[in-house]
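One structure below.
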Amino acid sequence: GGAPVPVWPTAPRPRLALAVTTGLIAGAIWRARRHVERVVQAEARTRNLGRYFSPEVAARLAENAGAPGTGKVHDAAVLFVDVIGSSRRMEGVAPERVIDAVRAYHARVVPIVFRHGGSIDKFLGDGIMAYFGAPVPQEDHAFRAVSCAVEMYAALAKLNEERTRRGEPSLRMGIGIHTGLAVVGDIGAPHRREYTGIGDTVNLAARLTSHAGPGEAWVNEANARRVGAEVTSEARW
């Protein structure tokens, strides 16, 4: 016959193609897995941020790797809520009933803070510290804080109606709001930090709360002026 046909140079080609295909599949699986991991991590980060920040703020922070950042001065409105006389009114009530009452109260008011774009700084027993205008600036933070207080009282009225029908003591609430400059950032020891606000604005908001009686929201003049109130000194809302 004819000319000899070379066999061995072409024999490894199927193996090479198989190796390339396997590598491509492995690479695609790895990329898909990394994508899923990033999505899961992002969702977990957003859920964690969502415990303290409104959905709007949490989403903004999640886009930046979930880091609110180091200490920064913000023009903010700080809001304190205090359940007045809760210890005396809850005397003789079983501890688990007290916890249930606090949880039910928080379940009503915390979503209101978030709905107005605020952030939960901390829970102070049955009380709450929140702020508006940080870590994401809000030009209308003073109005947001006052609107939040108004809605909180509406929610408390409904909650007390339910408690009264069950024969349980009603809850009484006082609110203090102070607008001004506050330093907001990670504060604390390396092993125990919290994202919080400090400064005169925070201290004065707490002081206003101590003066607020049941059904009252005390605000400083700067806050009242921003929301259109005519006052000459610290005002009561």
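Here, A, B, ... name the chains of the structure tokens in the order displayed, residue numbers run from 1 inside each chain, and ligands are numbered from 1 in the same displayed order.
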
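Residues in contact with Asn203 in chain A at 12 Å, where only C-alpha atoms are counted and same-chain residues fewer than 4 positions away are skipped, are listed as Ala77, Val78, Leu79, Phe80, Met129, Gly176, Ile177, His178, Thr179, Gly180, Leu181, Ala182, Val183, Gly197, Ile198, Gly199, Arg207, Leu208, Thr209 and Ser210 of chain A.
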
Selected residues written out, all heavy atoms, as a compact mmCIF listing (two decimals), in the first residue's frame:
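Final output, saved to out12.txt:
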# COMPACT_ATOMS: atom_id res chain seq x y z
N ALA A 77 -29.96 64.32 64.98
CA ALA A 77 -30.99 64.44 66.01
C ALA A 77 -30.95 63.17 66.85
O ALA A 77 -31.10 62.07 66.31
CB ALA A 77 -32.36 64.64 65.39
N VAL A 78 -30.71 63.31 68.14
CA VAL A 78 -30.64 62.17 69.05
C VAL A 78 -31.95 62.09 69.83
O VAL A 78 -32.44 63.10 70.36
CB VAL A 78 -29.45 62.29 70.01
CG1 VAL A 78 -29.42 61.10 70.98
CG2 VAL A 78 -28.14 62.38 69.24
N LEU A 79 -32.52 60.91 69.87
CA LEU A 79 -33.82 60.69 70.51
C LEU A 79 -33.68 59.63 71.60
O LEU A 79 -33.14 58.55 71.36
CB LEU A 79 -34.84 60.25 69.46
CG LEU A 79 -36.27 59.93 69.91
CD1 LEU A 79 -37.26 60.25 68.79
CD2 LEU A 79 -36.43 58.46 70.31
N PHE A 80 -34.14 59.98 72.79
CA PHE A 80 -34.20 59.02 73.90
C PHE A 80 -35.66 58.75 74.23
O PHE A 80 -36.48 59.67 74.25
CB PHE A 80 -33.49 59.57 75.14
CG PHE A 80 -32.00 59.39 75.15
CD1 PHE A 80 -31.18 60.33 74.56
CD2 PHE A 80 -31.41 58.28 75.76
CE1 PHE A 80 -29.81 60.19 74.56
CE2 PHE A 80 -30.04 58.12 75.76
CZ PHE A 80 -29.23 59.07 75.17
N MET A 129 -32.23 54.44 72.83
CA MET A 129 -31.53 55.61 72.29
C MET A 129 -31.43 55.42 70.78
O MET A 129 -31.01 54.37 70.30
CB MET A 129 -30.13 55.74 72.88
CG MET A 129 -29.29 56.83 72.22
SD MET A 129 -27.59 56.89 72.86
CE MET A 129 -26.81 58.00 71.66
N GLY A 176 -37.19 62.57 74.73
CA GLY A 176 -36.35 63.76 74.63
C GLY A 176 -35.60 63.74 73.31
O GLY A 176 -35.06 62.70 72.92
N ILE A 177 -35.56 64.88 72.62
CA ILE A 177 -34.88 64.97 71.31
C ILE A 177 -33.99 66.20 71.32
O ILE A 177 -34.43 67.30 71.68
CB ILE A 177 -35.89 65.09 70.16
CG1 ILE A 177 -36.85 63.90 70.14
CG2 ILE A 177 -35.15 65.19 68.82
CD1 ILE A 177 -38.00 64.04 69.15
N HIS A 178 -32.76 66.02 70.93
CA HIS A 178 -31.83 67.15 70.83
C HIS A 178 -31.12 67.07 69.49
O HIS A 178 -30.59 66.02 69.11
CB HIS A 178 -30.81 67.14 71.96
CG HIS A 178 -30.08 68.43 72.13
ND1 HIS A 178 -29.05 68.82 71.29
CD2 HIS A 178 -30.23 69.44 73.02
CE1 HIS A 178 -28.60 70.01 71.68
NE2 HIS A 178 -29.30 70.40 72.72
N THR A 179 -31.11 68.18 68.77
CA THR A 179 -30.44 68.26 67.48
C THR A 179 -29.16 69.07 67.61
O THR A 179 -29.16 70.14 68.23
CB THR A 179 -31.36 68.92 66.43
OG1 THR A 179 -32.45 68.05 66.16
CG2 THR A 179 -30.62 69.15 65.13
N GLY A 180 -28.09 68.57 67.04
CA GLY A 180 -26.81 69.26 67.10
C GLY A 180 -25.71 68.36 66.57
O GLY A 180 -25.97 67.34 65.95
N LEU A 181 -24.47 68.72 66.86
CA LEU A 181 -23.32 67.94 66.41
C LEU A 181 -23.03 66.82 67.39
O LEU A 181 -23.02 67.02 68.61
CB LEU A 181 -22.09 68.84 66.26
CG LEU A 181 -22.21 69.99 65.24
CD1 LEU A 181 -20.92 70.79 65.21
CD2 LEU A 181 -22.54 69.44 63.86
N ALA A 182 -22.80 65.65 66.86
CA ALA A 182 -22.47 64.48 67.68
C ALA A 182 -21.39 63.67 66.99
O ALA A 182 -21.37 63.58 65.75
CB ALA A 182 -23.70 63.62 67.92
N VAL A 183 -20.51 63.08 67.77
CA VAL A 183 -19.49 62.19 67.23
C VAL A 183 -20.06 60.78 67.22
O VAL A 183 -20.50 60.27 68.26
CB VAL A 183 -18.20 62.22 68.08
CG1 VAL A 183 -17.18 61.24 67.52
CG2 VAL A 183 -17.62 63.63 68.10
N GLY A 197 -23.06 57.04 69.53
CA GLY A 197 -22.85 58.48 69.47
C GLY A 197 -22.49 59.03 70.84
O GLY A 197 -22.97 58.54 71.87
N ILE A 198 -21.62 60.04 70.87
CA ILE A 198 -21.22 60.67 72.11
C ILE A 198 -21.17 62.18 71.91
O ILE A 198 -21.15 62.66 70.78
CB ILE A 198 -19.85 60.16 72.61
CG1 ILE A 198 -18.77 60.43 71.56
CG2 ILE A 198 -19.90 58.68 72.97
CD1 ILE A 198 -17.37 60.08 72.03
N GLY A 199 -21.14 62.91 73.02
CA GLY A 199 -21.02 64.36 72.95
C GLY A 199 -22.18 65.07 73.63
O GLY A 199 -23.09 64.44 74.18
N ARG A 207 -30.90 64.41 79.00
CA ARG A 207 -31.39 65.31 80.04
C ARG A 207 -32.82 65.76 79.76
O ARG A 207 -33.65 65.86 80.67
CB ARG A 207 -30.47 66.51 80.15
CG ARG A 207 -30.72 67.39 81.37
CD ARG A 207 -29.70 68.50 81.45
NE ARG A 207 -28.34 67.97 81.49
CZ ARG A 207 -27.25 68.74 81.40
NH1 ARG A 207 -27.38 70.05 81.24
NH2 ARG A 207 -26.05 68.20 81.46
N LEU A 208 -33.12 66.05 78.48
CA LEU A 208 -34.48 66.43 78.12
C LEU A 208 -35.47 65.31 78.44
O LEU A 208 -36.59 65.56 78.89
CB LEU A 208 -34.55 66.78 76.63
CG LEU A 208 -33.91 68.10 76.20
CD1 LEU A 208 -33.91 68.22 74.68
CD2 LEU A 208 -34.64 69.29 76.82
N THR A 209 -35.04 64.08 78.20
CA THR A 209 -35.90 62.93 78.48
C THR A 209 -36.24 62.84 79.95
O THR A 209 -37.37 62.48 80.34
CB THR A 209 -35.23 61.64 78.01
OG1 THR A 209 -34.79 61.78 76.67
CG2 THR A 209 -36.18 60.45 78.10
N SER A 210 -35.28 63.18 80.80
CA SER A 210 -35.52 63.11 82.25
C SER A 210 -36.57 64.12 82.69
O SER A 210 -37.19 63.97 83.75
CB SER A 210 -34.21 63.34 83.01
OG SER A 210 -33.75 64.68 82.85

Just the residues within 12 Å of Gly188 in chain A, please, counting only C-alpha atoms, with nothing from its chain fewer than 5 positions along; format it as an mmCIF file with N, CA, C and O atoms, in the first residue's frame.
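Listing of around.cif after writing:
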data_model
loop_
_atom_site.group_PDB
_atom_site.id
_atom_site.type_symbol
_atom_site.label_atom_id
_atom_site.label_comp_id
_atom_site.auth_asym_id
_atom_site.auth_seq_id
_atom_site.Cartn_x
_atom_site.Cartn_y
_atom_site.Cartn_z
ATOM 1 N N THR A 70 -14.954 54.969 60.970
ATOM 2 C CA THR A 70 -14.441 55.435 62.247
ATOM 3 C C THR A 70 -15.225 56.652 62.699
ATOM 4 O O THR A 70 -16.149 57.101 62.038
ATOM 5 N N GLY A 71 -14.829 57.204 63.849
ATOM 6 C CA GLY A 71 -15.540 58.331 64.408
ATOM 7 C C GLY A 71 -15.631 59.515 63.461
ATOM 8 O O GLY A 71 -14.661 59.882 62.805
ATOM 9 N N ARG A 193 -16.488 46.481 71.204
ATOM 10 C CA ARG A 193 -16.803 47.778 70.620
ATOM 11 C C ARG A 193 -18.289 47.874 70.292
ATOM 12 O O ARG A 193 -18.968 46.867 70.130
ATOM 13 N N GLU A 194 -18.746 49.106 70.203
ATOM 14 C CA GLU A 194 -20.103 49.344 69.737
ATOM 15 C C GLU A 194 -20.128 50.639 68.929
ATOM 16 O O GLU A 194 -19.365 51.559 69.181
ATOM 17 N N TYR A 195 -21.008 50.664 67.972
ATOM 18 C CA TYR A 195 -21.170 51.845 67.132
ATOM 19 C C TYR A 195 -22.170 52.743 67.824
ATOM 20 O O TYR A 195 -23.350 52.394 67.963
ATOM 21 N N THR A 196 -21.711 53.897 68.305
ATOM 22 C CA THR A 196 -22.557 54.729 69.142
ATOM 23 C C THR A 196 -22.236 56.198 68.942
ATOM 24 O O THR A 196 -21.265 56.560 68.278
ATOM 25 N N GLY A 197 -23.059 57.043 69.532
ATOM 26 C CA GLY A 197 -22.852 58.480 69.472
ATOM 27 C C GLY A 197 -22.486 59.027 70.841
ATOM 28 O O GLY A 197 -22.974 58.544 71.866
ATOM 29 N N ILE A 198 -21.623 60.036 70.865
ATOM 30 C CA ILE A 198 -21.221 60.669 72.115
ATOM 31 C C ILE A 198 -21.165 62.181 71.907
ATOM 32 O O ILE A 198 -21.146 62.665 70.778
#

Next on the checklist: Can you tell me, as a ChimeraX atom specification, which residues in range 94-215 of chain A count as strand (DSSP E) by DSSP?
Outcome noted: /A:119-124,127-132,173-189,192-198

Those selected residues, please, written with C-alpha atoms and delivered as a short mmCIF file (atom, residue, chain, number, x, y, z; two decimals), in the first residue's frame.
data_model
loop_
_atom_site.label_atom_id
_atom_site.label_comp_id
_atom_site.auth_asym_id
_atom_site.auth_seq_id
_atom_site.Cartn_x
_atom_site.Cartn_y
_atom_site.Cartn_z
CA SER A 119 -30.84 54.05 63.71
CA ILE A 120 -31.00 52.24 67.04
CA ASP A 121 -27.96 53.14 69.11
CA LYS A 122 -28.74 50.94 72.09
CA PHE A 123 -31.46 49.54 74.32
CA LEU A 124 -31.39 51.05 77.81
CA GLY A 127 -35.73 52.52 77.04
CA ILE A 128 -34.14 53.24 73.68
CA MET A 129 -31.53 55.61 72.29
CA ALA A 130 -31.81 56.36 68.58
CA TYR A 131 -30.45 58.96 66.19
CA PHE A 132 -31.24 60.43 62.81
CA MET A 173 -43.53 57.02 77.97
CA GLY A 174 -41.42 60.18 77.87
CA ILE A 175 -39.24 61.31 74.94
CA GLY A 176 -36.35 63.76 74.63
CA ILE A 177 -34.88 64.97 71.31
CA HIS A 178 -31.83 67.15 70.83
CA THR A 179 -30.44 68.26 67.48
CA GLY A 180 -26.81 69.26 67.10
CA LEU A 181 -23.32 67.94 66.41
CA ALA A 182 -22.47 64.48 67.68
CA VAL A 183 -19.49 62.19 67.23
CA VAL A 184 -20.65 58.82 65.91
CA GLY A 185 -18.37 55.81 65.41
CA ASP A 186 -16.89 52.62 66.85
CA ILE A 187 -16.17 53.17 70.55
CA GLY A 188 -14.89 50.80 73.23
CA ALA A 189 -12.12 48.33 73.96
CA ARG A 192 -15.85 44.96 72.95
CA ARG A 193 -16.80 47.78 70.62
CA GLU A 194 -20.10 49.34 69.74
CA TYR A 195 -21.17 51.84 67.13
CA THR A 196 -22.56 54.73 69.14
CA GLY A 197 -22.85 58.48 69.47
CA ILE A 198 -21.22 60.67 72.11
#

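Between CA of Ala154 in chain A and CA of Ala76 in chain A there is a distance of 23.9 Å.
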
Checklist entry - Expressed in Å to a single decimal, how great is the separation between CA of Phe143 in chain A and CA of Val227 in chain A? => result 5.5 Å

Checklist entry - So which one's closest to Arg144 in chain A, A:Val113, A:Ala107, A:Ala205, A:Val102? Using only C-alpha atoms, please. => result A:Val113

Checklist entry - Got a sec to tell me which of range 107-226 of chain A DSSP assigns to alpha helix (DSSP H), as JSON, numbers by chain? => result {"A": [107, 108, 109, 110, 111, 112, 113, 114, 115, 141, 142, 143, 144, 145, 146, 147, 148, 149, 150, 151, 152, 153, 154, 155, 156, 157, 158, 159, 160, 161, 162, 163, 164, 165, 200, 201, 202, 203, 204, 205, 206, 207, 208, 209, 210, 211, 221, 222, 223, 224, 225, 226]}

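Among A:Gln138, A:Ala145, A:Arg108, A:Ala206, the residue with the shortest atom-to-atom distance to Lys158 in chain A, counting only C-alpha atoms, is A:Arg108.
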
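In this model, the gap between CA of Glu168 in chain A and CA of Leu156 in chain A comes to 13.8 Å.
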
Which neighbours of Ile84 in chain A fall inside 9 Å, counting only C-alpha atoms, when residues of the same chain fewer than 3 positions from it are skipped, and could you give them as a PDB file with C-alpha atoms, in the first residue's frame?
ATOM      1  CA  SER A  87     -40.329  49.370  87.801  1.00  0.00           C
ATOM      2  CA  LEU A 171     -47.193  51.832  79.907  1.00  0.00           C
ATOM      3  CA  ARG A 172     -46.230  55.502  80.139  1.00  0.00           C
ATOM      4  CA  MET A 173     -43.528  57.020  77.965  1.00  0.00           C
ATOM      5  CA  GLY A 174     -41.420  60.183  77.865  1.00  0.00           C
ATOM      6  CA  GLY A 213     -43.525  63.458  81.674  1.00  0.00           C
ATOM      7  CA  PRO A 214     -45.945  60.802  80.387  1.00  0.00           C
TER       8      PRO A 214
END

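Distance check against Asn223 in chain A using only C-alpha atoms: of A:Asp75, A:Val81, A:Arg115, A:Pro95, the minimum falls on A:Asp75.
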